[in-house]
$ cat input_31.cif   # mmCIF, C-alpha atoms
data_upload
loop_
_atom_site.group_PDB
_atom_site.id
_atom_site.type_symbol
_atom_site.label_atom_id
_atom_site.label_comp_id
_atom_site.auth_asym_id
_atom_site.auth_seq_id
_atom_site.Cartn_x
_atom_site.Cartn_y
_atom_site.Cartn_z
ATOM 1 C CA MET A 8 -14.937 -11.679 -0.827
ATOM 2 C CA ARG A 9 -14.446 -14.157 2.030
ATOM 3 C CA VAL A 10 -12.600 -16.511 -0.332
ATOM 4 C CA LEU A 11 -10.260 -13.700 -1.445
ATOM 5 C CA SER A 12 -9.618 -12.712 2.184
ATOM 6 C CA TRP A 13 -8.830 -16.328 3.064
ATOM 7 C CA ILE A 14 -6.401 -16.644 0.137
ATOM 8 C CA LYS A 15 -4.662 -13.406 1.131
ATOM 9 C CA TYR A 16 -4.470 -14.472 4.786
ATOM 10 C CA SER A 17 -3.089 -17.904 3.875
ATOM 11 C CA PHE A 18 -0.481 -16.407 1.544
ATOM 12 C CA LEU A 19 0.767 -13.993 4.205
ATOM 13 C CA LYS A 20 0.914 -16.765 6.819
ATOM 14 C CA ILE A 21 3.087 -18.834 4.458
ATOM 15 C CA ALA A 22 5.354 -15.813 3.982
ATOM 16 C CA ASP A 23 5.613 -15.366 7.746
ATOM 17 C CA ALA A 24 6.549 -19.034 8.203
ATOM 18 C CA PHE A 25 9.208 -18.758 5.486
ATOM 19 C CA TYR A 26 10.889 -15.661 6.883
ATOM 20 C CA GLN A 27 10.609 -16.934 10.443
ATOM 21 C CA GLN A 28 12.932 -19.796 9.511
ATOM 22 C CA ARG A 29 15.243 -17.834 7.193
ATOM 23 C CA LYS A 30 18.285 -16.963 9.308
ATOM 24 C CA GLN A 31 19.402 -13.337 9.330
ATOM 25 C CA SER A 32 22.586 -11.736 10.601
ATOM 26 C CA ARG A 33 22.457 -9.556 13.680
ATOM 27 C CA PRO A 34 21.973 -5.931 12.566
ATOM 28 C CA ALA A 35 24.714 -3.381 13.119
ATOM 29 C CA ALA A 36 24.735 -1.552 16.443
ATOM 30 C CA ASP A 37 23.366 1.699 14.989
ATOM 31 C CA ARG A 38 20.422 -0.158 13.440
ATOM 32 C CA LEU A 39 19.650 -1.842 16.761
ATOM 33 C CA GLN A 40 19.860 1.450 18.631
ATOM 34 C CA HIS A 41 17.529 3.269 16.243
ATOM 35 C CA CYS A 42 14.994 0.497 15.649
ATOM 36 C CA LYS A 43 11.422 1.838 15.785
ATOM 37 C CA ILE A 44 8.891 -0.872 16.592
ATOM 38 C CA VAL A 45 5.230 0.117 16.305
ATOM 39 C CA SER A 46 2.561 -1.866 18.146
ATOM 40 C CA HIS A 47 -0.467 -2.452 15.906
ATOM 41 C CA ARG A 48 -3.573 -1.376 17.889
ATOM 42 C CA GLY A 49 -1.659 -1.873 21.138
ATOM 43 C CA GLU A 50 -0.834 -5.139 22.891
ATOM 44 C CA HIS A 51 -4.098 -7.078 22.955
ATOM 45 C CA ASP A 52 -5.705 -10.493 22.648
ATOM 46 C CA ASN A 53 -9.317 -9.242 22.318
ATOM 47 C CA PHE A 54 -10.330 -11.505 25.206
ATOM 48 C CA THR A 55 -8.717 -10.110 28.332
ATOM 49 C CA VAL A 56 -7.428 -6.919 26.714
ATOM 50 C CA PHE A 57 -9.156 -5.325 23.727
ATOM 51 C CA GLU A 58 -7.358 -3.648 20.844
ATOM 52 C CA ASN A 59 -7.284 0.157 20.692
ATOM 53 C CA THR A 60 -7.934 0.549 24.423
ATOM 54 C CA MET A 61 -5.997 2.221 27.206
ATOM 55 C CA ALA A 62 -5.126 -1.180 28.664
ATOM 56 C CA ALA A 63 -3.602 -2.262 25.346
ATOM 57 C CA PHE A 64 -1.728 1.029 25.016
ATOM 58 C CA GLU A 65 -0.395 0.895 28.564
ATOM 59 C CA ARG A 66 1.316 -2.400 27.768
ATOM 60 C CA VAL A 67 3.112 -0.670 24.906
ATOM 61 C CA LYS A 68 4.401 2.051 27.205
ATOM 62 C CA VAL A 69 5.399 -0.311 30.013
ATOM 63 C CA HIS A 70 7.500 -2.450 27.683
ATOM 64 C CA GLY A 71 9.355 0.516 26.211
ATOM 65 C CA ILE A 72 8.072 0.099 22.666
ATOM 66 C CA TRP A 73 8.742 3.117 20.448
ATOM 67 C CA GLY A 74 5.390 3.621 18.740
ATOM 68 C CA LEU A 75 1.698 2.913 18.717
ATOM 69 C CA GLU A 76 -0.681 2.509 15.780
ATOM 70 C CA LEU A 77 -4.305 3.400 16.508
ATOM 71 C CA ASP A 78 -7.454 3.915 14.457
ATOM 72 C CA ILE A 79 -9.937 6.767 14.755
ATOM 73 C CA ARG A 80 -13.607 7.031 13.852
ATOM 74 C CA TRP A 81 -16.006 9.945 14.329
ATOM 75 C CA THR A 82 -19.070 9.897 16.545
ATOM 76 C CA LYS A 83 -22.408 11.511 15.714
ATOM 77 C CA ASP A 84 -21.357 14.690 17.525
ATOM 78 C CA LEU A 85 -18.018 14.664 15.655
ATOM 79 C CA ARG A 86 -15.652 13.512 18.373
ATOM 80 C CA PRO A 87 -12.758 11.291 17.240
ATOM 81 C CA VAL A 88 -12.738 8.012 19.162
ATOM 82 C CA VAL A 89 -10.263 5.158 18.968
ATOM 83 C CA ILE A 90 -11.741 2.082 17.304
ATOM 84 C CA HIS A 91 -10.965 0.243 14.075
ATOM 85 C CA ASP A 92 -14.402 -0.859 12.881
ATOM 86 C CA PRO A 93 -17.367 1.333 11.902
ATOM 87 C CA ASP A 94 -19.472 -0.529 14.481
ATOM 88 C CA THR A 95 -19.085 -2.518 17.688
ATOM 89 C CA GLN A 96 -20.124 -5.948 16.410
ATOM 90 C CA ARG A 97 -16.733 -7.686 16.055
ATOM 91 C CA LEU A 98 -15.362 -6.736 19.447
ATOM 92 C CA PHE A 99 -18.458 -6.461 21.594
ATOM 93 C CA HIS A 100 -20.972 -8.699 19.775
ATOM 94 C CA TYR A 101 -23.571 -5.964 19.724
ATOM 95 C CA ARG A 102 -24.001 -3.916 16.571
ATOM 96 C CA ARG A 103 -24.004 -0.170 17.118
ATOM 97 C CA ARG A 104 -22.601 2.176 14.509
ATOM 98 C CA ILE A 105 -20.045 4.654 15.809
ATOM 99 C CA ASP A 106 -21.370 7.510 13.681
ATOM 100 C CA GLN A 107 -24.902 7.002 15.005
ATOM 101 C CA MET A 108 -23.968 7.542 18.675
ATOM 102 C CA THR A 109 -22.761 10.634 20.472
ATOM 103 C CA CYS A 110 -19.469 10.305 22.280
ATOM 104 C CA SER A 111 -21.198 10.171 25.677
ATOM 105 C CA GLU A 112 -23.623 7.488 24.453
ATOM 106 C CA LEU A 113 -20.742 5.452 23.068
ATOM 107 C CA GLN A 114 -18.701 5.584 26.249
ATOM 108 C CA GLU A 115 -21.729 4.888 28.406
ATOM 109 C CA SER A 116 -22.340 1.642 26.496
ATOM 110 C CA PHE A 117 -18.717 0.760 25.692
ATOM 111 C CA SER A 118 -16.577 2.350 28.353
ATOM 112 C CA VAL A 119 -13.283 0.827 27.152
ATOM 113 C CA ILE A 120 -13.398 2.779 23.883
ATOM 114 C CA PRO A 121 -11.256 5.878 24.505
ATOM 115 C CA THR A 122 -11.403 9.243 22.810
ATOM 116 C CA LEU A 123 -8.396 10.398 20.832
ATOM 117 C CA GLU A 124 -8.117 13.290 23.254
ATOM 118 C CA GLU A 125 -7.674 10.875 26.174
ATOM 119 C CA VAL A 126 -4.997 8.917 24.317
ATOM 120 C CA VAL A 127 -3.057 12.047 23.369
ATOM 121 C CA GLN A 128 -3.208 13.375 26.918
ATOM 122 C CA ARG A 129 -1.806 10.159 28.367
ATOM 123 C CA TYR A 130 0.624 8.999 25.674
ATOM 124 C CA GLY A 131 1.344 11.990 23.452
ATOM 125 C CA GLY A 132 5.071 12.707 23.473
ATOM 126 C CA ARG A 133 5.702 9.421 25.311
ATOM 127 C CA LEU A 134 4.837 7.097 22.441
ATOM 128 C CA HIS A 135 5.008 7.951 18.774
ATOM 129 C CA LEU A 136 1.432 7.921 17.515
ATOM 130 C CA MET A 137 0.605 6.485 14.084
ATOM 131 C CA VAL A 138 -2.988 7.710 13.761
ATOM 132 C CA GLU A 139 -4.912 5.838 11.069
ATOM 133 C CA LEU A 140 -7.702 7.709 9.330
ATOM 134 C CA LYS A 141 -10.471 5.333 8.243
ATOM 135 C CA ALA A 142 -12.456 5.875 5.046
ATOM 136 C CA GLU A 143 -15.838 7.250 6.104
ATOM 137 C CA SER A 144 -18.086 10.185 5.362
ATOM 138 C CA TYR A 145 -17.150 13.542 6.863
ATOM 139 C CA PRO A 146 -20.357 15.538 7.470
ATOM 140 C CA ASP A 147 -18.507 18.694 8.555
ATOM 141 C CA PRO A 148 -14.922 18.516 7.290
ATOM 142 C CA VAL A 149 -14.040 22.061 8.345
ATOM 143 C CA ARG A 150 -15.031 21.349 11.930
ATOM 144 C CA GLN A 151 -13.389 17.924 11.901
ATOM 145 C CA ASN A 152 -10.168 19.434 10.615
ATOM 146 C CA ARG A 153 -10.251 21.910 13.491
ATOM 147 C CA VAL A 154 -11.021 19.233 16.089
ATOM 148 C CA LEU A 155 -8.172 16.957 15.015
ATOM 149 C CA LYS A 156 -5.806 19.905 14.805
ATOM 150 C CA ASP A 157 -6.715 20.924 18.370
ATOM 151 C CA HIS A 158 -6.270 17.386 19.702
ATOM 152 C CA LEU A 159 -2.777 17.105 18.200
ATOM 153 C CA ALA A 160 -1.715 20.705 18.825
ATOM 154 C CA GLN A 161 0.530 19.821 21.767
ATOM 155 C CA LEU A 162 2.516 17.373 19.607
ATOM 156 C CA GLN A 163 5.131 17.986 16.917
ATOM 157 C CA PRO A 164 4.317 16.561 13.477
ATOM 158 C CA ARG A 165 6.732 13.788 12.392
ATOM 159 C CA LYS A 166 8.527 13.839 15.745
ATOM 160 C CA ASP A 167 5.497 12.816 17.819
ATOM 161 C CA TYR A 168 2.927 11.600 15.307
ATOM 162 C CA HIS A 169 2.070 10.693 11.733
ATOM 163 C CA LEU A 170 -1.305 10.437 10.019
ATOM 164 C CA ILE A 171 -1.659 7.226 8.021
ATOM 165 C CA SER A 172 -4.385 5.785 5.801
ATOM 166 C CA ILE A 173 -5.205 3.005 3.340
ATOM 167 C CA THR A 174 -7.336 5.669 1.611
ATOM 168 C CA PRO A 175 -5.030 8.658 1.004
ATOM 169 C CA ARG A 176 -7.889 10.928 -0.090
ATOM 170 C CA MET A 177 -8.708 11.176 3.624
ATOM 171 C CA PHE A 178 -5.589 13.331 3.973
ATOM 172 C CA ASP A 179 -7.334 16.018 1.909
ATOM 173 C CA PHE A 180 -9.636 16.804 4.848
ATOM 174 C CA PHE A 181 -6.740 17.986 7.019
ATOM 175 C CA ASP A 182 -4.658 21.019 6.121
ATOM 176 C CA PHE A 183 -2.774 21.431 9.401
ATOM 177 C CA ALA A 184 -0.392 18.491 8.984
ATOM 178 C CA PRO A 185 2.666 19.045 6.745
ATOM 179 C CA PRO A 186 2.864 16.571 3.827
ATOM 180 C CA ALA A 187 5.864 14.850 5.423
ATOM 181 C CA THR A 188 3.554 13.838 8.315
ATOM 182 C CA LEU A 189 1.345 11.805 5.964
ATOM 183 C CA LEU A 190 1.931 8.134 5.162
ATOM 184 C CA PRO A 191 -0.244 6.147 2.729
ATOM 185 C CA ILE A 192 -0.640 2.424 3.413
ATOM 186 C CA ALA A 193 -0.244 0.312 0.283
ATOM 187 C CA GLU A 194 -1.794 -3.102 -0.154
ATOM 188 C CA LEU A 195 -1.478 -4.539 -3.683
ATOM 189 C CA ASN A 196 -1.415 -1.020 -5.173
ATOM 190 C CA VAL A 197 2.215 -0.456 -4.195
ATOM 191 C CA ARG A 198 3.409 1.231 -7.388
ATOM 192 C CA GLN A 199 0.433 3.611 -7.437
ATOM 193 C CA PHE A 200 0.879 4.627 -3.794
ATOM 194 C CA SER A 201 4.657 4.876 -4.169
ATOM 195 C CA ASP A 202 4.234 7.328 -7.046
ATOM 196 C CA LEU A 203 1.602 9.220 -5.047
ATOM 197 C CA ALA A 204 3.950 9.535 -2.061
ATOM 198 C CA VAL A 205 6.653 10.956 -4.313
ATOM 199 C CA ARG A 206 4.314 13.339 -6.129
ATOM 200 C CA LYS A 207 2.659 14.631 -2.946
ATOM 201 C CA ARG A 208 5.965 14.776 -1.014
ATOM 202 C CA PHE A 209 4.593 12.615 1.756
ATOM 203 C CA GLY A 210 6.829 11.296 4.520
ATOM 204 C CA GLY A 211 7.131 7.918 2.848
ATOM 205 C CA LEU A 212 5.149 4.735 2.377
ATOM 206 C CA LEU A 213 3.812 1.883 4.511
ATOM 207 C CA GLY A 214 2.986 -1.661 3.420
ATOM 208 C CA HIS A 215 3.611 -5.363 3.845
ATOM 209 C CA TYR A 216 7.275 -6.364 3.999
ATOM 210 C CA LEU A 217 6.837 -8.656 0.975
ATOM 211 C CA PHE A 218 5.659 -5.877 -1.310
ATOM 212 C CA LEU A 219 7.938 -3.037 -0.245
ATOM 213 C CA THR A 220 10.974 -4.220 -2.159
ATOM 214 C CA ASN A 221 14.604 -3.147 -1.906
ATOM 215 C CA ARG A 222 14.118 -1.213 -5.142
ATOM 216 C CA LEU A 223 11.325 0.800 -3.524
ATOM 217 C CA LEU A 224 13.404 1.350 -0.408
ATOM 218 C CA LYS A 225 16.223 2.758 -2.529
ATOM 219 C CA LYS A 226 13.821 4.933 -4.547
ATOM 220 C CA HIS A 227 12.249 6.574 -1.501
ATOM 221 C CA ARG A 228 15.428 6.908 0.539
ATOM 222 C CA ALA A 229 17.008 8.768 -2.396
ATOM 223 C CA ILE A 230 14.495 11.605 -1.927
ATOM 224 C CA GLY A 231 14.541 11.610 1.856
ATOM 225 C CA GLN A 232 11.420 9.487 2.408
ATOM 226 C CA ASN A 233 11.114 6.505 4.739
ATOM 227 C CA LEU A 234 9.316 3.168 4.550
ATOM 228 C CA GLY A 235 7.498 1.218 7.221
ATOM 229 C CA THR A 236 6.642 -2.464 6.954
ATOM 230 C CA GLY A 237 4.205 -4.801 8.640
ATOM 231 C CA PHE A 238 3.455 -7.179 10.003
ATOM 232 C CA VAL A 239 6.790 -8.292 11.398
ATOM 233 C CA ASN A 240 6.296 -10.970 14.047
ATOM 234 C CA SER A 241 9.527 -12.966 14.362
ATOM 235 C CA LYS A 242 13.192 -12.410 15.158
ATOM 236 C CA ASN A 243 14.458 -13.268 11.693
ATOM 237 C CA CYS A 244 11.920 -11.033 9.990
ATOM 238 C CA LEU A 245 12.774 -8.236 12.436
ATOM 239 C CA PHE A 246 16.477 -8.560 11.659
ATOM 240 C CA ARG A 247 15.745 -8.679 7.923
ATOM 241 C CA GLU A 248 13.833 -5.398 8.048
ATOM 242 C CA MET A 249 16.462 -3.695 10.176
ATOM 243 C CA ASN A 250 19.200 -4.874 7.797
ATOM 244 C CA ARG A 251 17.171 -3.392 4.918
ATOM 245 C CA HIS A 252 17.097 -0.048 6.788
ATOM 246 C CA VAL A 253 13.312 0.001 7.153
ATOM 247 C CA GLU A 254 12.378 2.983 9.333
ATOM 248 C CA TRP A 255 9.197 1.762 11.053
ATOM 249 C CA ILE A 256 8.460 -1.866 11.899
ATOM 250 C CA PHE A 257 4.784 -2.570 12.612
ATOM 251 C CA SER A 258 3.890 -5.684 14.550
ATOM 252 C CA ASN A 259 1.081 -7.567 16.251
ATOM 253 C CA ASN A 260 3.791 -9.044 18.462
ATOM 254 C CA ALA A 261 5.612 -5.917 19.532
ATOM 255 C CA VAL A 262 6.389 -6.934 23.131
ATOM 256 C CA GLU A 263 8.245 -10.042 21.983
ATOM 257 C CA LEU A 264 10.084 -8.099 19.285
ATOM 258 C CA GLN A 265 11.101 -5.457 21.823
ATOM 259 C CA SER A 266 12.439 -8.218 24.081
ATOM 260 C CA ILE A 267 14.496 -9.580 21.169
ATOM 261 C CA LEU A 268 15.751 -6.086 20.376
ATOM 262 C CA ASN A 269 16.703 -5.412 24.003
ATOM 263 C CA ALA A 270 18.592 -8.701 24.234
ATOM 264 C CA SER A 271 20.410 -7.925 20.997
ATOM 265 C CA LEU A 272 21.406 -4.512 22.324
ATOM 266 C CA ARG A 273 22.877 -6.292 25.346
ATOM 267 C CA ASN A 274 24.517 -8.740 22.935
ATOM 268 C CA GLU A 275 22.652 -11.620 24.531
ATOM 269 C CA THR A 276 20.726 -14.504 23.044
ATOM 270 C CA PRO A 277 17.007 -13.564 23.161
ATOM 271 C CA ALA A 278 14.817 -15.628 25.436
ATOM 272 C CA VAL A 279 12.503 -16.316 22.484
ATOM 273 C CA GLU A 280 14.122 -17.649 19.347
ATOM 274 C CA ASN A 281 12.069 -17.592 16.160
#

$ encode --input "input_31.cif" --output "structure tokens"
Amino acid sequence: MRVLSWIKYSFLKIADAFYQQRKQSRPAADRLQHCKIVSHRGEHDNFTVFENTMAAFERVKVHGIWGLELDIRWTKDLRPVVIHDPDTQRLFHYRRRIDQMTCSELQESFSVIPTLEEVVQRYGGRLHLMVELKAESYPDPVRQNRVLKDHLAQLQPRKDYHLISITPRMFDFFDFAPPATLLPIAELNVRQFSDLAVRKRFGGLLGHYLFLTNRLLKKHRAIGQNLGTGFVNSKNCLFREMNRHVEWIFSNNAVELQSILNASLRNETPAVEN
């Protein structure tokens, strides 16, 4: 498994290096004006600022970035909290499973982990929220459906948030979100997830920019669906995706991309050339 992960990582890094050097024309003014950059887990380095924390999210807001991707997990007392992993080992070097702690126990030990409720209260309607549902067991799906519905009640589906997932069966737990609010994330199973998005009338499809081809873009646009691509981390790749009319551009380098976008809107040469 580690070997496969390394091969995948190396392949994507080579792709990034290629598209970073491949010159692209400046997108048309309307594409620049409507570009929707999404910060992946907020602006973080996991040393001074941790991913999926209020500090990481505040950087997104301060820099005027359009959207924020965040992950939710459920605590023992069925509160949705914002963290990617099922435990705290990777970030905090101390293994505690999220689903084996109550929300109060979690925040007492790891105070930087916010609840979804806190994030929605501070950033709902100010940043577009791409809320990723992780594959995990749901001990009380009826209650969890109600809790998530209540947390997002003040927001408008599609306008203010989408629910996204690598495991689209997680969407089945939630009946309050219209299908157009749901976005599956494809990895190598692009054709399967593309067909699923069409069949289920989802809002579109997310995936890596290499695998979401122009043919797929045309297919989904023809039925009113949108595509989002990640992980775009350079000027030339950003311009490529805008020129392809990609709707959502996910990045681990969103602040720099926003700076490039702002400079392009002013018709200036960006401070950072990639």

$ residues_near_point --input "input_31.cif" --point "(15.4, -7.9, 13.1)" --cutoff "10 Å" --atoms "only C-alpha atoms" --output "PyMOL selection string"
chain A and resi 31-34+38-39+42+239-251+256+264+267-268+271

$ closest_residue --input "input_31.cif" --among "A:Lys156, A:Arg150, A:Lys68, A:Lys141" --to "Ile171 of chain A" --atoms "all atoms listed in the file"
A:Lys141

$ resolve_selection --input "input_31.cif" --expression "the PyMOL selection byres ((chain A and resi 228) around 12)" --output "number ranges by chain"
A: 201, 205, 210-212, 221-227, 229-235, 251-254

$ resolve_selection --input "input_31.cif" --expression "the PyMOL selection byres ((chain A and resi 58) around 6)" --output "tab-separated table (two decimals) with C-alpha atoms, in the coordinates of the input"
chain	number	residue	atom	x	y	z
A	48	ARG	CA	-3.57	-1.38	17.89
A	49	GLY	CA	-1.66	-1.87	21.14
A	51	HIS	CA	-4.10	-7.08	22.96
A	57	PHE	CA	-9.16	-5.32	23.73
A	59	ASN	CA	-7.28	0.16	20.69
A	60	THR	CA	-7.93	0.55	24.42

$ residues_near_point --input "input_31.cif" --point "(22.5, -7.2, 23.6)" --cutoff "12 Å" --atoms "all atoms listed in the file" --output "ChimeraX atom specification"
/A:33-36,39-40,265-278

$ closest_atom_pairs --input "input_31.cif" --of "segment 143-253 of chain A" --to "segment 114-128 of chain A" --cutoff "9 Å" --atoms "only C-alpha atoms" --output "Markdown table"
| residue | atom | partner | partner_atom | distance |
| --- | --- | --- | --- | --- |
| A:Leu155 | CA | A:Leu123 | CA | 8.8 |
| A:His158 | CA | A:Glu124 | CA | 5.7 |
| A:Leu159 | CA | A:Val127 | CA | 7.2 |
| A:Gln161 | CA | A:Val127 | CA | 8.7 |
| A:Leu162 | CA | A:Val127 | CA | 8.6 |

$ closest_residue --input "input_31.cif" --among "A:Asn53, A:Gln28, A:Thr236, A:Gln163" --to "Ile192 of chain A" --atoms "only C-alpha atoms"
A:Thr236

$ residues_around --input "input_31.cif" --residues "Glu50 of chain A" --least-positions-apart "6" --cutoff "8 Å" --atoms "all atoms listed in the file" --output "short mmCIF file (atom, residue, chain, number, x, y, z; two decimals) with C-alpha atoms, in the frame of the given file"
data_model
loop_
_atom_site.label_atom_id
_atom_site.label_comp_id
_atom_site.auth_asym_id
_atom_site.auth_seq_id
_atom_site.Cartn_x
_atom_site.Cartn_y
_atom_site.Cartn_z
CA VAL A 56 -7.43 -6.92 26.71
CA GLU A 58 -7.36 -3.65 20.84
CA ALA A 63 -3.60 -2.26 25.35
CA PHE A 64 -1.73 1.03 25.02
CA ARG A 66 1.32 -2.40 27.77
CA VAL A 67 3.11 -0.67 24.91
CA ASN A 259 1.08 -7.57 16.25
CA ASN A 260 3.79 -9.04 18.46
CA ALA A 261 5.61 -5.92 19.53
CA VAL A 262 6.39 -6.93 23.13
#

$ atom_distance --input "input_31.cif" --atom1 "atom CA of Asp147 of chain A" --atom2 "atom CA of Phe180 of chain A"
9.8 Å

$ resolve_selection --input "input_31.cif" --expression "the PyMOL selection byres ((chain A and resi 80) around 12)" --output "PyMOL selection string"
chain A and resi 59+77-79+81-95+104-110+113+120-123+138-145+151+155

$ write_last_selection --input "input_31.cif" --atoms "C-alpha atoms" --output "PDB file, in the frame of the given file"
ATOM      1  CA  ASN A  59      -7.284   0.157  20.692  1.00  0.00           C
ATOM      2  CA  LEU A  77      -4.305   3.400  16.508  1.00  0.00           C
ATOM      3  CA  ASP A  78      -7.454   3.915  14.457  1.00  0.00           C
ATOM      4  CA  ILE A  79      -9.937   6.767  14.755  1.00  0.00           C
ATOM      5  CA  TRP A  81     -16.006   9.945  14.329  1.00  0.00           C
ATOM      6  CA  THR A  82     -19.070   9.897  16.545  1.00  0.00           C
ATOM      7  CA  LYS A  83     -22.408  11.511  15.714  1.00  0.00           C
ATOM      8  CA  ASP A  84     -21.357  14.690  17.525  1.00  0.00           C
ATOM      9  CA  LEU A  85     -18.018  14.664  15.655  1.00  0.00           C
ATOM     10  CA  ARG A  86     -15.652  13.512  18.373  1.00  0.00           C
ATOM     11  CA  PRO A  87     -12.758  11.291  17.240  1.00  0.00           C
ATOM     12  CA  VAL A  88     -12.738   8.012  19.162  1.00  0.00           C
ATOM     13  CA  VAL A  89     -10.263   5.158  18.968  1.00  0.00           C
ATOM     14  CA  ILE A  90     -11.741   2.082  17.304  1.00  0.00           C
ATOM     15  CA  HIS A  91     -10.965   0.243  14.075  1.00  0.00           C
ATOM     16  CA  ASP A  92     -14.402  -0.859  12.881  1.00  0.00           C
ATOM     17  CA  PRO A  93     -17.367   1.333  11.902  1.00  0.00           C
ATOM     18  CA  ASP A  94     -19.472  -0.529  14.481  1.00  0.00           C
ATOM     19  CA  THR A  95     -19.085  -2.518  17.688  1.00  0.00           C
ATOM     20  CA  ARG A 104     -22.601   2.176  14.509  1.00  0.00           C
ATOM     21  CA  ILE A 105     -20.045   4.654  15.809  1.00  0.00           C
ATOM     22  CA  ASP A 106     -21.370   7.510  13.681  1.00  0.00           C
ATOM     23  CA  GLN A 107     -24.902   7.002  15.005  1.00  0.00           C
ATOM     24  CA  MET A 108     -23.968   7.542  18.675  1.00  0.00           C
ATOM     25  CA  THR A 109     -22.761  10.634  20.472  1.00  0.00           C
ATOM     26  CA  CYS A 110     -19.469  10.305  22.280  1.00  0.00           C
ATOM     27  CA  LEU A 113     -20.742   5.452  23.068  1.00  0.00           C
ATOM     28  CA  ILE A 120     -13.398   2.779  23.883  1.00  0.00           C
ATOM     29  CA  PRO A 121     -11.256   5.878  24.505  1.00  0.00           C
ATOM     30  CA  THR A 122     -11.403   9.243  22.810  1.00  0.00           C
ATOM     31  CA  LEU A 123      -8.396  10.398  20.832  1.00  0.00           C
ATOM     32  CA  VAL A 138      -2.988   7.710  13.761  1.00  0.00           C
ATOM     33  CA  GLU A 139      -4.912   5.838  11.069  1.00  0.00           C
ATOM     34  CA  LEU A 140      -7.702   7.709   9.330  1.00  0.00           C
ATOM     35  CA  LYS A 141     -10.471   5.333   8.243  1.00  0.00           C
ATOM     36  CA  ALA A 142     -12.456   5.875   5.046  1.00  0.00           C
ATOM     37  CA  GLU A 143     -15.838   7.250   6.104  1.00  0.00           C
ATOM     38  CA  SER A 144     -18.086  10.185   5.362  1.00  0.00           C
ATOM     39  CA  TYR A 145     -17.150  13.542   6.863  1.00  0.00           C
ATOM     40  CA  GLN A 151     -13.389  17.924  11.901  1.00  0.00           C
ATOM     41  CA  LEU A 155      -8.172  16.957  15.015  1.00  0.00           C
TER      42      LEU A 155
END

$ closest_residue --input "input_31.cif" --among "A:Met177, A:Ala22, A:Ala160, A:Leu170" --to "Pro148 of chain A" --atoms "all atoms listed in the file"
A:Met177

$ atom_distance --input "input_31.cif" --atom1 "atom CA of Ala204 of chain A" --atom2 "atom CA of Leu134 of chain A"
24.6 Å

$ atom_distance --input "input_31.cif" --atom1 "atom CA of Val69 of chain A" --atom2 "atom CA of Leu213 of chain A"
25.6 Å

$ residues_around --input "input_31.cif" --residues "Lys43 of chain A" --least-positions-apart "2" --cutoff "9 Å" --atoms "only C-alpha atoms" --output "list of chain:residue names"
A:Gln40, A:His41, A:Val45, A:Ile72, A:Trp73, A:Gly74, A:Glu254, A:Trp255, A:Ile256, A:Phe257

$ closest_residue --input "input_31.cif" --among "A:Pro164, A:Gly131, A:Gly71, A:Gly237" --to "Pro186 of chain A" --atoms "all atoms listed in the file"
A:Pro164
